[in-house]
Structures are given as structure tokens and as C-alpha cells.
$ cat final.tsv   # TSV, C-alpha atoms and all ligand atoms
chain	number	residue	atom	x	y	z
A	26	MET	CA	-33.38	5.39	-8.50
A	27	ILE	CA	-30.39	7.10	-6.93
A	28	LYS	CA	-26.98	5.74	-7.95
A	29	PRO	CA	-24.47	4.30	-5.48
A	30	HIS	CA	-22.47	6.91	-3.54
A	31	ASN	CA	-19.06	6.44	-1.95
A	32	ILE	CA	-18.66	7.79	1.57
A	33	TYR	CA	-15.79	9.82	3.00
A	34	ILE	CA	-15.74	10.41	6.76
A	35	HIS	CA	-13.39	13.02	8.14
A	36	VAL	CA	-11.74	12.57	11.52
A	37	PRO	CA	-10.17	15.95	12.30
A	38	PHE	CA	-7.97	15.10	15.29
A	39	CYS	CA	-4.24	14.37	15.56
A	40	MET	CA	-1.82	13.82	18.42
A	41	SER	CA	0.02	16.97	17.28
A	42	LYS	CA	0.44	18.93	14.06
A	43	CYS	CA	3.19	17.87	11.67
A	44	ASN	CA	5.45	20.65	10.39
A	45	TYR	CA	4.22	20.44	6.78
A	46	CYS	CA	0.53	19.84	7.40
A	47	ALA	CA	-2.19	22.04	5.93
A	48	PHE	CA	-4.95	19.45	6.28
A	49	PHE	CA	-8.02	20.29	8.29
A	50	SER	CA	-7.09	18.77	11.63
A	51	ARG	CA	-6.22	19.93	15.10
A	52	ALA	CA	-3.93	18.65	17.80
A	53	CYS	CA	-6.16	16.97	20.34
A	54	ALA	CA	-5.21	13.53	21.64
A	55	ASN	CA	-8.38	13.12	23.73
A	56	PRO	CA	-11.29	14.69	21.90
A	57	ASP	CA	-14.90	14.38	22.99
A	58	TRP	CA	-15.58	11.27	20.89
A	59	ASP	CA	-19.28	11.13	21.82
A	60	LYS	CA	-19.80	14.65	20.59
A	61	TYR	CA	-17.86	13.87	17.42
A	62	SER	CA	-19.68	10.61	16.66
A	63	ASN	CA	-23.11	12.09	17.41
A	64	GLY	CA	-22.38	14.78	14.83
A	65	ILE	CA	-21.29	12.16	12.28
A	66	ILE	CA	-24.39	10.06	12.99
A	67	ASN	CA	-26.68	13.05	12.48
A	68	GLU	CA	-25.05	13.67	9.11
A	69	ILE	CA	-25.43	10.01	8.09
A	70	GLU	CA	-29.13	10.22	8.97
A	71	HIS	CA	-29.45	13.43	6.97
A	72	TRP	CA	-28.07	11.75	3.84
A	73	GLY	CA	-30.14	8.63	4.43
A	74	ASN	CA	-33.28	10.77	4.54
A	75	LEU	CA	-32.31	12.60	1.37
A	76	LEU	CA	-30.96	9.73	-0.73
A	77	GLY	CA	-32.74	6.67	0.67
A	78	ARG	CA	-31.12	3.29	1.19
A	79	ILE	CA	-28.54	3.65	-1.56
A	80	ASN	CA	-25.72	1.22	-2.30
A	81	VAL	CA	-22.30	2.17	-0.92
A	82	PRO	CA	-19.30	0.61	-2.66
A	83	THR	CA	-16.59	2.26	-0.51
A	84	VAL	CA	-16.18	4.01	2.83
A	85	PHE	CA	-13.00	5.95	3.60
A	86	PHE	CA	-12.10	7.25	7.06
A	87	GLY	CA	-9.56	10.02	6.45
A	88	GLY	CA	-7.99	12.65	8.59
A	89	GLY	CA	-6.58	13.86	10.72
A	90	THR	CA	-5.85	10.57	12.35
A	91	PRO	CA	-8.78	8.11	12.22
A	92	SER	CA	-6.74	5.52	14.13
A	93	LEU	CA	-6.99	7.78	17.21
A	94	MET	CA	-10.67	6.87	17.36
A	95	PRO	CA	-11.64	4.40	20.08
A	96	VAL	CA	-12.99	1.10	18.71
A	97	LYS	CA	-16.38	1.80	20.32
A	98	THR	CA	-16.72	5.08	18.43
A	99	PHE	CA	-15.74	3.39	15.20
A	100	GLU	CA	-18.27	0.59	15.80
A	101	LYS	CA	-21.01	3.11	16.50
A	102	ILE	CA	-20.39	4.97	13.24
A	103	MET	CA	-20.14	1.76	11.19
A	104	ALA	CA	-23.35	0.40	12.73
A	105	LYS	CA	-25.14	3.60	11.72
A	106	ILE	CA	-23.81	3.46	8.16
A	107	LYS	CA	-24.96	-0.15	7.86
A	108	SER	CA	-28.41	0.63	9.23
A	109	VAL	CA	-28.96	3.58	6.87
A	110	PHE	CA	-27.22	2.45	3.67
A	111	GLU	CA	-26.65	-0.82	1.82
A	112	LEU	CA	-22.95	-1.65	1.86
A	113	THR	CA	-22.15	-3.68	-1.25
A	114	PRO	CA	-20.88	-7.21	-0.45
A	115	ASP	CA	-17.33	-6.27	-1.53
A	116	CYS	CA	-17.45	-2.80	0.04
A	117	GLU	CA	-13.94	-1.39	0.54
A	118	ILE	CA	-13.63	0.15	4.00
A	119	THR	CA	-10.39	2.05	4.50
A	120	ALA	CA	-9.04	3.71	7.63
A	121	GLU	CA	-6.02	5.96	7.68
A	122	ALA	CA	-3.72	5.11	10.56
A	123	ASN	CA	-0.66	6.65	12.14
A	124	PRO	CA	1.96	4.52	13.86
A	125	LYS	CA	1.86	4.68	17.66
A	126	THR	CA	-1.88	5.44	17.73
A	127	ILE	CA	-3.05	1.87	17.18
A	128	ASP	CA	-1.96	-1.50	18.59
A	129	ALA	CA	-2.87	-5.05	17.53
A	130	GLU	CA	-5.94	-5.17	19.78
A	131	LYS	CA	-7.35	-1.90	18.46
A	132	LEU	CA	-6.59	-2.89	14.89
A	133	SER	CA	-8.48	-6.16	15.39
A	134	GLY	CA	-11.40	-4.14	16.78
A	135	PHE	CA	-11.43	-1.97	13.67
A	136	ILE	CA	-11.29	-5.07	11.47
A	137	ASN	CA	-14.17	-6.71	13.33
A	138	ALA	CA	-16.20	-3.54	12.78
A	139	GLY	CA	-15.58	-3.69	9.02
A	140	VAL	CA	-12.19	-2.18	8.11
A	141	ASN	CA	-10.61	-4.20	5.30
A	142	ARG	CA	-7.95	-1.73	4.12
A	143	LEU	CA	-5.43	0.29	6.11
A	144	SER	CA	-3.51	3.32	4.88
A	145	VAL	CA	-0.49	3.94	7.09
A	146	GLY	CA	1.24	7.33	7.33
A	147	VAL	CA	4.87	6.18	7.25
A	148	GLN	CA	6.26	9.29	5.44
A	149	SER	CA	9.94	8.35	5.75
A	150	LEU	CA	12.22	5.42	6.51
A	151	ASP	CA	14.82	7.70	8.11
A	152	ASP	CA	14.41	8.68	11.77
A	153	SER	CA	16.04	12.10	11.39
A	154	LYS	CA	13.68	12.95	8.50
A	155	LEU	CA	10.67	11.84	10.53
A	156	GLN	CA	11.80	14.17	13.28
A	157	PHE	CA	12.30	17.02	10.83
A	158	LEU	CA	8.77	16.47	9.45
A	159	GLY	CA	7.41	16.68	12.99
A	160	ARG	CA	6.13	13.11	13.05
A	161	ARG	CA	5.63	11.52	16.46
A	162	HIS	CA	6.76	8.05	15.48
A	163	ASN	CA	10.03	6.50	14.40
A	164	VAL	CA	10.78	4.06	11.59
A	165	ASN	CA	10.43	1.06	13.87
A	166	ASP	CA	6.94	2.11	14.98
A	167	ALA	CA	5.88	2.35	11.34
A	168	LEU	CA	7.42	-0.99	10.38
A	169	ASN	CA	5.68	-2.63	13.35
A	170	LEU	CA	2.29	-1.32	12.21
A	171	ILE	CA	2.93	-2.52	8.64
A	172	ASP	CA	3.92	-5.93	9.96
A	173	MET	CA	0.85	-6.09	12.19
A	174	ALA	CA	-1.50	-5.24	9.32
A	175	GLN	CA	0.19	-7.73	6.98
A	176	LYS	CA	-0.14	-10.50	9.56
A	177	LEU	CA	-3.85	-9.71	9.82
A	178	ASN	CA	-4.16	-9.99	6.01
A	179	LEU	CA	-5.42	-6.44	5.59
A	180	ARG	CA	-5.16	-4.73	2.26
A	181	LEU	CA	-2.48	-2.21	3.01
A	182	SER	CA	-1.07	1.06	1.74
A	183	ALA	CA	1.68	3.30	3.06
A	184	ASP	CA	2.24	7.04	2.48
A	185	PHE	CA	5.70	8.49	1.91
A	186	ILE	CA	7.00	12.02	1.39
A	187	TYR	CA	10.00	12.78	-0.84
A	188	GLY	CA	11.74	15.95	-1.96
A	189	LEU	CA	12.72	17.16	1.50
A	190	PRO	CA	15.33	19.94	1.71
A	191	ASN	CA	18.69	18.60	0.46
A	192	ASP	CA	17.08	15.35	-0.81
A	193	THR	CA	18.81	14.00	-3.90
A	194	THR	CA	17.66	11.55	-6.56
A	195	ASP	CA	19.91	8.97	-4.89
A	196	ASP	CA	17.97	9.43	-1.64
A	197	VAL	CA	14.73	8.76	-3.51
A	198	ILE	CA	16.18	5.68	-5.22
A	199	LYS	CA	17.27	4.38	-1.81
A	200	LEU	CA	13.80	5.03	-0.41
A	201	CYS	CA	12.19	3.14	-3.32
A	202	ARG	CA	14.47	0.14	-2.74
A	203	GLN	CA	13.58	0.13	0.95
A	204	ILE	CA	9.88	0.32	0.09
A	205	ASN	CA	10.30	-2.56	-2.37
A	206	SER	CA	11.54	-4.72	0.49
A	207	LEU	CA	8.39	-4.13	2.58
A	208	GLY	CA	6.13	-6.33	0.45
A	209	LEU	CA	3.51	-3.60	-0.03
A	210	THR	CA	0.90	-3.84	-2.77
A	211	HIS	CA	0.02	-0.11	-2.63
A	212	CYS	CA	1.84	3.06	-1.70
A	213	SER	CA	1.47	6.80	-2.15
A	214	MET	CA	4.51	9.00	-2.84
A	215	TYR	CA	3.91	12.68	-2.18
A	216	GLU	CA	6.29	15.45	-3.10
A	217	LEU	CA	6.84	17.76	-0.13
A	218	THR	CA	5.12	21.06	-0.83
A	219	ILE	CA	5.41	24.03	1.46
A	220	GLU	CA	1.92	25.17	2.36
A	221	PRO	CA	1.16	28.62	3.75
A	222	ASN	CA	0.63	28.91	7.52
A	223	THR	CA	2.58	25.78	8.36
A	224	PRO	CA	5.76	25.74	10.49
A	225	PHE	CA	7.72	24.89	7.31
A	226	ALA	CA	6.43	28.04	5.61
A	227	LYS	CA	8.26	30.14	8.20
A	228	MET	CA	11.54	28.27	7.92
A	229	ASN	CA	12.93	29.43	4.59
A	230	LEU	CA	13.87	25.89	3.59
A	231	ASN	CA	16.30	25.04	0.86
A	232	MET	CA	13.91	23.00	-1.29
A	233	PRO	CA	14.90	21.01	-4.38
A	234	ASN	CA	14.13	22.98	-7.56
A	235	ASN	CA	11.55	21.90	-10.17
A	236	ASN	CA	14.06	19.99	-12.31
A	237	GLU	CA	15.39	18.12	-9.31
A	238	MET	CA	11.84	17.28	-8.23
A	239	ALA	CA	11.07	16.02	-11.75
A	240	ASP	CA	14.18	13.80	-11.67
A	241	MET	CA	13.04	12.37	-8.33
A	242	TYR	CA	9.55	11.78	-9.71
A	243	ASN	CA	10.99	9.86	-12.67
A	244	ALA	CA	13.33	7.94	-10.35
A	245	ILE	CA	10.28	6.67	-8.46
A	246	ASP	CA	8.77	5.37	-11.67
A	247	GLU	CA	11.99	3.58	-12.52
A	248	ASN	CA	12.84	2.16	-9.11
A	249	LEU	CA	9.63	1.36	-7.32
A	250	SER	CA	8.44	-2.16	-8.02
A	251	LEU	CA	4.77	-1.06	-7.92
A	252	PRO	CA	3.39	0.50	-11.11
A	253	ARG	CA	1.97	4.02	-11.00
A	254	TYR	CA	-1.79	4.30	-11.48
A	255	GLU	CA	-2.20	7.95	-10.50
A	256	VAL	CA	0.13	10.94	-10.19
A	257	SER	CA	1.16	9.98	-6.63
A	258	ASN	CA	-0.21	6.46	-6.27
A	259	TYR	CA	1.31	3.06	-7.06
A	260	ALA	CA	-0.21	-0.41	-6.78
A	261	THR	CA	-0.21	-3.90	-8.16
A	262	ALA	CA	-3.20	-4.64	-10.41
A	263	GLY	CA	-6.34	-5.03	-8.34
A	264	ASN	CA	-4.87	-3.33	-5.27
A	265	GLU	CA	-5.62	0.25	-6.26
A	266	CYS	CA	-7.62	2.33	-3.76
A	267	ARG	CA	-11.13	1.78	-5.13
A	268	HIS	CA	-12.51	4.71	-3.17
A	269	ASN	CA	-10.15	7.19	-4.78
A	270	LEU	CA	-10.39	5.57	-8.22
A	271	ASN	CA	-14.18	5.90	-8.11
A	272	ILE	CA	-13.96	9.55	-7.16
A	273	TRP	CA	-11.28	10.39	-9.72
A	274	ASP	CA	-13.45	8.66	-12.30
A	275	GLY	CA	-16.37	10.94	-11.45
A	276	ALA	CA	-18.53	8.72	-9.24
A	277	PRO	CA	-20.71	10.46	-6.63
A	278	TYR	CA	-19.58	10.60	-3.01
A	279	ILE	CA	-20.80	11.99	0.28
A	280	GLY	CA	-18.42	13.97	2.50
A	281	ILE	CA	-19.25	13.51	6.15
A	282	GLY	CA	-17.65	15.46	8.99
A	283	HIS	CA	-16.93	19.12	9.47
A	284	GLY	CA	-15.60	20.58	6.24
A	285	ALA	CA	-15.70	17.30	4.27
A	286	ALA	CA	-16.70	17.90	0.65
A	287	GLY	CA	-18.76	15.63	-1.58
A	288	ARG	CA	-20.48	15.45	-4.96
A	289	ILE	CA	-24.08	14.21	-4.79
A	290	LEU	CA	-26.00	12.91	-7.80
A	291	ILE	CA	-29.81	13.06	-7.72
A	292	ASP	CA	-31.90	12.55	-10.88
A	293	ASP	CA	-28.97	13.35	-13.17
A	294	ASN	CA	-28.28	16.59	-11.32
A	295	TRP	CA	-24.95	17.12	-9.56
A	296	TYR	CA	-24.66	18.96	-6.26
A	297	GLU	CA	-21.57	20.30	-4.55
A	298	GLN	CA	-21.77	19.52	-0.85
A	299	ARG	CA	-19.86	20.39	2.30
A	300	GLY	CA	-20.88	18.89	5.63
A	301	ALA	CA	-24.59	18.19	6.17
A	302	ASP	CA	-25.77	21.75	5.68
A	303	ALA	CA	-22.78	24.06	5.24
A	304	GLN	CA	-23.18	23.89	1.46
A	305	PHE	CA	-25.48	22.17	-1.01
A	306	GLU	CA	-25.43	23.79	-4.43
A	307	LYS	CA	-26.29	22.60	-7.89
A	308	LEU	CA	-23.29	22.11	-10.15
A	309	SER	CA	-23.70	22.63	-13.89
A	310	ASP	CA	-22.90	19.66	-16.17
A	311	HIS	CA	-20.13	21.83	-17.61
A	312	ALA	CA	-18.51	22.42	-14.20
A	313	ARG	CA	-18.82	18.75	-13.28
A	314	ALA	CA	-17.27	17.68	-16.60
A	315	ILE	CA	-14.29	19.99	-15.93
A	316	GLU	CA	-13.84	18.41	-12.51
A	317	ARG	CA	-13.91	14.96	-14.08
A	318	VAL	CA	-11.24	15.93	-16.63
A	319	ILE	CA	-9.03	17.33	-13.86
A	320	THR	CA	-9.29	14.22	-11.67
A	321	GLY	CA	-9.51	11.68	-14.51
A	322	LEU	CA	-6.30	12.89	-16.16
A	323	ARG	CA	-4.48	12.32	-12.87
A	324	THR	CA	-5.00	8.60	-13.40
A	325	VAL	CA	-3.08	6.44	-15.84
A	326	ARG	CA	-6.36	5.07	-17.25
A	327	GLY	CA	-7.52	8.64	-17.99
A	328	VAL	CA	-10.91	10.32	-18.26
A	329	LEU	CA	-13.85	8.69	-20.03
A	330	LEU	CA	-14.75	10.55	-23.19
A	331	ASP	CA	-18.51	10.58	-22.61
A	332	ARG	CA	-20.96	13.16	-23.92
A	333	ASP	CA	-20.32	15.80	-21.23
A	334	VAL	CA	-16.53	15.48	-21.46
A	335	GLN	CA	-16.62	15.54	-25.27
A	336	LYS	CA	-18.38	18.90	-25.08
A	337	ILE	CA	-15.58	20.58	-23.15
A	338	ILE	CA	-12.42	18.89	-24.32
A	339	ASN	CA	-10.18	20.33	-27.03
A	340	MET	CA	-9.55	17.21	-29.16
A	341	GLN	CA	-7.37	19.18	-31.54
A	342	TYR	CA	-4.92	19.71	-28.68
A	343	VAL	CA	-5.00	15.97	-27.95
A	344	TYR	CA	-4.20	15.02	-31.57
A	345	GLU	CA	-1.46	17.65	-31.86
A	346	HIS	CA	0.35	16.53	-28.67
A	347	PRO	CA	0.82	12.75	-28.87
A	348	GLU	CA	3.88	13.11	-26.62
A	349	LEU	CA	1.57	14.30	-23.83
A	350	LEU	CA	-1.83	12.71	-24.45
A	351	HIS	CA	-3.42	9.75	-26.15
A	352	GLN	CA	-6.83	8.23	-26.74
A	353	THR	CA	-7.16	4.73	-25.29
A	354	SER	CA	-8.95	1.77	-26.85
A	355	ASP	CA	-11.67	2.04	-24.19
A	356	ASN	CA	-12.54	5.60	-25.24
A	357	ARG	CA	-10.61	7.51	-22.63
A	358	ILE	CA	-8.13	10.37	-22.87
A	359	ALA	CA	-5.01	9.70	-20.84
A	360	VAL	CA	-1.73	11.52	-20.31
A	361	THR	CA	1.63	9.96	-21.14
A	362	LYS	CA	4.45	9.59	-18.62
A	363	ARG	CA	5.85	12.89	-19.83
A	364	GLY	CA	2.41	14.50	-19.59
A	365	MET	CA	2.12	13.54	-15.91
A	366	LEU	CA	4.89	16.03	-15.12
A	367	ILE	CA	3.00	19.01	-16.55
A	368	LEU	CA	-0.54	18.02	-15.79
A	369	ASP	CA	-1.67	21.49	-14.71
A	370	ASP	CA	-0.58	23.00	-18.04
A	371	ILE	CA	-2.29	20.22	-19.98
A	372	VAL	CA	-5.58	20.73	-18.14
A	373	LEU	CA	-5.47	24.46	-18.93
A	374	ASN	CA	-4.97	23.70	-22.63
A	375	ILE	CA	-7.37	20.83	-23.01
A	376	VAL	CA	-10.47	22.26	-21.32
A	377	GLY	CA	-12.35	24.63	-23.56
B	401	LIG	S1	-0.87	13.23	11.18
B	401	LIG	FE1	-1.52	13.81	9.10
B	401	LIG	S2	-3.32	15.14	9.34
B	401	LIG	FE2	-2.30	14.96	11.36
B	401	LIG	S3	-0.99	16.75	11.47
B	401	LIG	FE3	0.28	15.08	10.65
B	401	LIG	S4	0.07	15.23	8.43
B	401	LIG	FE4	-1.55	16.48	9.33

$ encode --input "final.tsv" --output "C-alpha cells" --more "lines below"
Ligand code: SF4
Amino acid sequence: MIKPHNIYIHVPFCMSKCNYCAFFSRACANPDWDKYSNGIINEIEHWGNLLGRINVPTVFFGGGTPSLMPVKTFEKIMAKIKSVFELTPDCEITAEANPKTIDAEKLSGFINAGVNRLSVGVQSLDDSKLQFLGRRHNVNDALNLIDMAQKLNLRLSADFIYGLPNDTTDDVIKLCRQINSLGLTHCSMYELTIEPNTPFAKMNLNMPNNNEMADMYNAIDENLSLPRYEVSNYATAGNECRHNLNIWDGAPYIGIGHGAAGRILIDDNWYEQRGADAQFEKLSDHARAIERVITGLRTVRGVLLDRDVQKIINMQYVYEHPELLHQTSDNRIAVTKRGMLILDDIVLNIVG
């Protein structure tokens, strides 16, 4: 009996490329949606043939800009997923959306086809910063989309970027207060990082230093009304992104779409997967356990100390660094607030 798998579907198109973006996506406002959806449908069939009619607890349409997709394309893909797999009754179906690519009618179409959670790329509540980031929308466009989704009773998240050149802790505190007034139950706060081969990489920007970034990170914790549940994610209890929580916790997932990665579990064997046939390789239990420690420690609830994780984790390090790590009552290892700031170092020390 094959366990439930979460599904990630990649939509690699955007209206234009943002100045900081290193995601796999290309600027193409009018892609060949039939060609795209036929490819996705072939991949869904492939996994259906391999795994059978498995249960699917979450589906996540990420990008790129999934909200660029016409409703008909979205319906076609959802119909295929439902015909091949068994969506659980409370299946979480998320679509990422950018302001100005979706209106109320389109959003209703997405909802009718199954979407029950929207993740909006707001990024900033300052028009000049949005322009600097290379976003195509302004603050008003973003607020309108938030308002629209709230009126339709969708579970909602919004993404923000902080730590722009010349940003101060006061700027971040102001941003948090503005976010608090939006009535969100989930948001993601990403530190701006300069990725190679992006327009920002060529601009020699005056970025905040590590200490300043750490102060901003702590300011978010202190000023945002939503509690943190992962390094960059904040939500009220019960409104966490179940898709991401499942994956960070080590649940299997299928990556669909060019370049989308997944982890497939068949008969207790893990496979690393990319696309339908670009890659399908067995992963050792050791390698999978390391992945689970890396992703699990990103979450406030931590990584489950099961047999495979016990084999690779340096418990001595855990006991000797109570300021960074602790063992929870439900048998997990979790990092403290201070530990969150140096997670990469901790992972290097804890994995044997
Ligand atoms: S909308 Fe998102 S995926 Fe598209 S270019 Fe901008 S940051 Fe990248």
C-alpha cells in the first residue's frame, strides 16, 4: 500500500522577471497553455500508473505565476488530478497569485475548480520598493487582491521581502505593523538575498550586514502579531501551510512540471525525482534522514526523532547546547529562537 503523496505543480511563466528572482520561470505573458497543460497531464498519468490511486492531502500550484493560468487550463489539470488520485476530503489546494494577474471572476473560477488557499506575492507595502524590486503591481493592486480573497473566505497568505538596501529595523517594524492591520492569518517574510545571474547581482547594492539582518529578523518576531512556525513563515494556529509542513516533516511529494523536484516513497524506499523522467534515483535512508533534519529543524516544532534520524543525529551536541536546541515532549528536536539565526551551523554540527 503506497502512502499518501502531496503534489507540487510548477507553473513556470511570469509577466516579466523581477530584479531579485532566481526561480525557474520565464517572462511570457501568453504561453501556449494547451502545450503546458498537456505536459502536466502526461506527468500526472505517469505518476498514477506508477503509484496507483493514492491519497493526496495537499496540492500546491507554485511558480512562476500560477494565477496567469486561464481558468480552463486550471480546471483541466484539476480534473485530471481528481480522476487519477484520491483527494482527501480536507485536501488543501493552494495557488500562488500575483496582483494584477487575477480578478474576482478568475479567482471565483479557481475556487470552483478546487482552490481553497491563496498565496499572494505582495512583497512590499511601499510603491517605490515594489518598483525597485521590479514588481509589476503597486500596493493598491495587492491590497485589492487580499480584500477580494478575504471576501471570498479563502484561506490566505501573503509574501513579503525585507532587508532591502538601506532598510532599517524601523522600516521592518513599520512593515510588521502594516501587515498586522491586514487581518492575515498567514504570511511569509523573506530576507532579500542577492542571487547570481539576477539584475540585482550586477548592481553592487548596499545591503544590510548580517547583524542588521539579524536585528530585523528579531524585530519581526517581536512585532508581527502572527507567531513564527518556520524560519520565514508565520501563522495563527491551524492556518499553517499544510503542504509545506508535510514536506518539511518528511512526507512524500510528487513534483510535477519541468524541473519540479519530489521525493517518492514506494515500499519503504525513497526516490529522488525531477519531472516525470528527468531523474528518478533511489535515495539512501541516511540521505533522506539528513534531508529531514535539515527541513525539520527549520520548523518550530522540529524534526521527529525516529529511528533513521536517531542514527544520524549527534545527541551530545543537542545536550551541550540548550541555548540552541531542545528535545520536545513529543520526541522531536527543535531549535530555540536563538538557534533559528544560525541554523546552517547547527545542521553542520548536529548531523553525524
Ligand atoms: S513573479 Fe515570482 S517567480 Fe515571477 S519573476 Fe517575480 S519573483 Fe520570480

$ atom_distance --input "final.tsv" --atom1 "atom CA of Arg78 of chain A" --atom2 "atom CA of Glu306 of chain A"
22.0 Å

$ residues_near_ligand --input "final.tsv" --ligand "ligand LIG 401 (chain B)" --cutoff "8 Å" --atoms "only C-alpha atoms and all ligand atoms" --output "PyMOL selection string"
chain A and resi 37-52+88-90+123+146+159-160

$ residues_around --input "final.tsv" --residues "Glu348 of chain A" --least-positions-apart "4" --cutoff "12 Å" --atoms "all atoms listed in the file" --output "number ranges by chain"
A: 342-344, 352, 359-367, 371

$ atom_distance --input "final.tsv" --atom1 "atom CA of Ser354 of chain A" --atom2 "atom CA of Ile337 of chain A"
20.3 Å

$ closest_residue --input "final.tsv" --among "A:Ile375, A:Leu93, A:Leu76, A:Ala260" --to "Lys125 of chain A" --atoms "only C-alpha atoms"
A:Leu93

$ residues_near_point --input "final.tsv" --point "(-10.0, 0.9, 5.1)" --cutoff "10 Å" --atoms "all atoms listed in the file" --output "MDAnalysis selection string"
chainID A and resid 83:87 116:122 135:136 139:144 179:182 266 268

$ closest_residue --input "final.tsv" --among "A:Ala285, A:Asp240, A:Leu251, A:His211" --to "Asn264 of chain A" --atoms "all atoms listed in the file"
A:His211

$ atom_distance --input "final.tsv" --atom1 "atom CA of Ala276 of chain A" --atom2 "atom CA of Asn31 of chain A"
7.7 Å

$ closest_residue --input "final.tsv" --among "A:Arg267, A:Gly287, A:Tyr187, A:Leu308" --to "Ala239 of chain A" --atoms "all atoms listed in the file"
A:Tyr187

$ closest_residue --input "final.tsv" --among "A:Asn229, A:Asn169, A:Gln335, A:Asn258" --to "Arg323 of chain A" --atoms "only C-alpha atoms"
A:Asn258

$ closest_residue --input "final.tsv" --among "A:Leu249, A:Ala226, A:Met232, A:Met238" --to "Ser206 of chain A" --atoms "only C-alpha atoms"
A:Leu249

$ closest_residue --input "final.tsv" --among "A:Asp355, A:Glu100, A:Asp293, A:Glu265" --to "Ala138 of chain A" --atoms "only C-alpha atoms"
A:Glu100

$ residues_around --input "final.tsv" --residues "segment 188-198 of chain A" --least-positions-apart "5" --cutoff "10 Å" --atoms "all atoms listed in the file" --output "list of chain:residue names"
A:Lys154, A:Phe157, A:Leu158, A:Gln203, A:Ile204, A:Tyr215, A:Glu216, A:Leu217, A:Thr218, A:Leu230, A:Asn231, A:Met232, A:Pro233, A:Asn234, A:Glu237, A:Met238, A:Ala239, A:Asp240, A:Met241, A:Tyr242, A:Asn243, A:Ala244, A:Ile245, A:Asp246, A:Glu247, A:Asn248, A:Leu249

$ axis_aligned_box --input "final.tsv" --around "segment 324-343 of chain A" --padding-each-side "8 Å" --output "lines of an AutoDock Vina configuration file"
center_x = -12.0
center_y = 12.8
center_z = -22.5
size_x = 33.9
size_y = 31.5
size_z = 34.1

$ decode --input "final.tsv" --residues "segment 337-373 of chain A" --atoms "C-alpha atoms" --output "short mmCIF file (atom, residue, chain, number, x, y, z; two decimals), in the first residue's frame"
data_model
loop_
_atom_site.label_atom_id
_atom_site.label_comp_id
_atom_site.auth_asym_id
_atom_site.auth_seq_id
_atom_site.Cartn_x
_atom_site.Cartn_y
_atom_site.Cartn_z
CA ILE A 337 22.48 10.35 12.24
CA ILE A 338 21.95 12.96 14.89
CA ASN A 339 24.65 13.98 17.37
CA MET A 340 22.66 13.99 20.63
CA GLN A 341 25.72 15.04 22.60
CA TYR A 342 25.69 18.32 20.67
CA VAL A 343 21.98 18.74 21.49
CA TYR A 344 22.52 18.23 25.24
CA GLU A 345 25.57 20.52 25.30
CA HIS A 346 23.79 23.42 23.55
CA PRO A 347 20.48 24.02 25.35
CA GLU A 348 20.63 27.65 24.21
CA LEU A 349 20.30 26.44 20.60
CA LEU A 350 18.39 23.15 20.71
CA HIS A 351 15.96 21.24 22.86
CA GLN A 352 14.10 17.95 22.91
CA THR A 353 10.32 18.38 22.93
CA SER A 354 7.80 16.33 24.89
CA ASP A 355 6.60 14.74 21.63
CA ASN A 356 10.06 13.34 20.88
CA ARG A 357 11.29 15.96 18.47
CA ILE A 358 14.47 18.00 18.31
CA ALA A 359 13.77 21.68 17.79
CA VAL A 360 15.88 24.81 17.63
CA THR A 361 15.40 27.73 20.01
CA LYS A 362 14.74 31.29 18.85
CA ARG A 363 18.46 31.95 19.03
CA GLY A 364 19.19 28.74 17.12
CA MET A 365 16.97 29.86 14.22
CA LEU A 366 19.51 32.57 13.42
CA ILE A 367 22.38 30.12 12.90
CA LEU A 368 20.52 27.15 11.54
CA ASP A 369 23.10 26.28 8.89
CA ASP A 370 25.86 25.99 11.51
CA ILE A 371 23.65 23.88 13.75
CA VAL A 372 22.84 21.45 10.94
CA LEU A 373 26.55 21.04 10.19
#
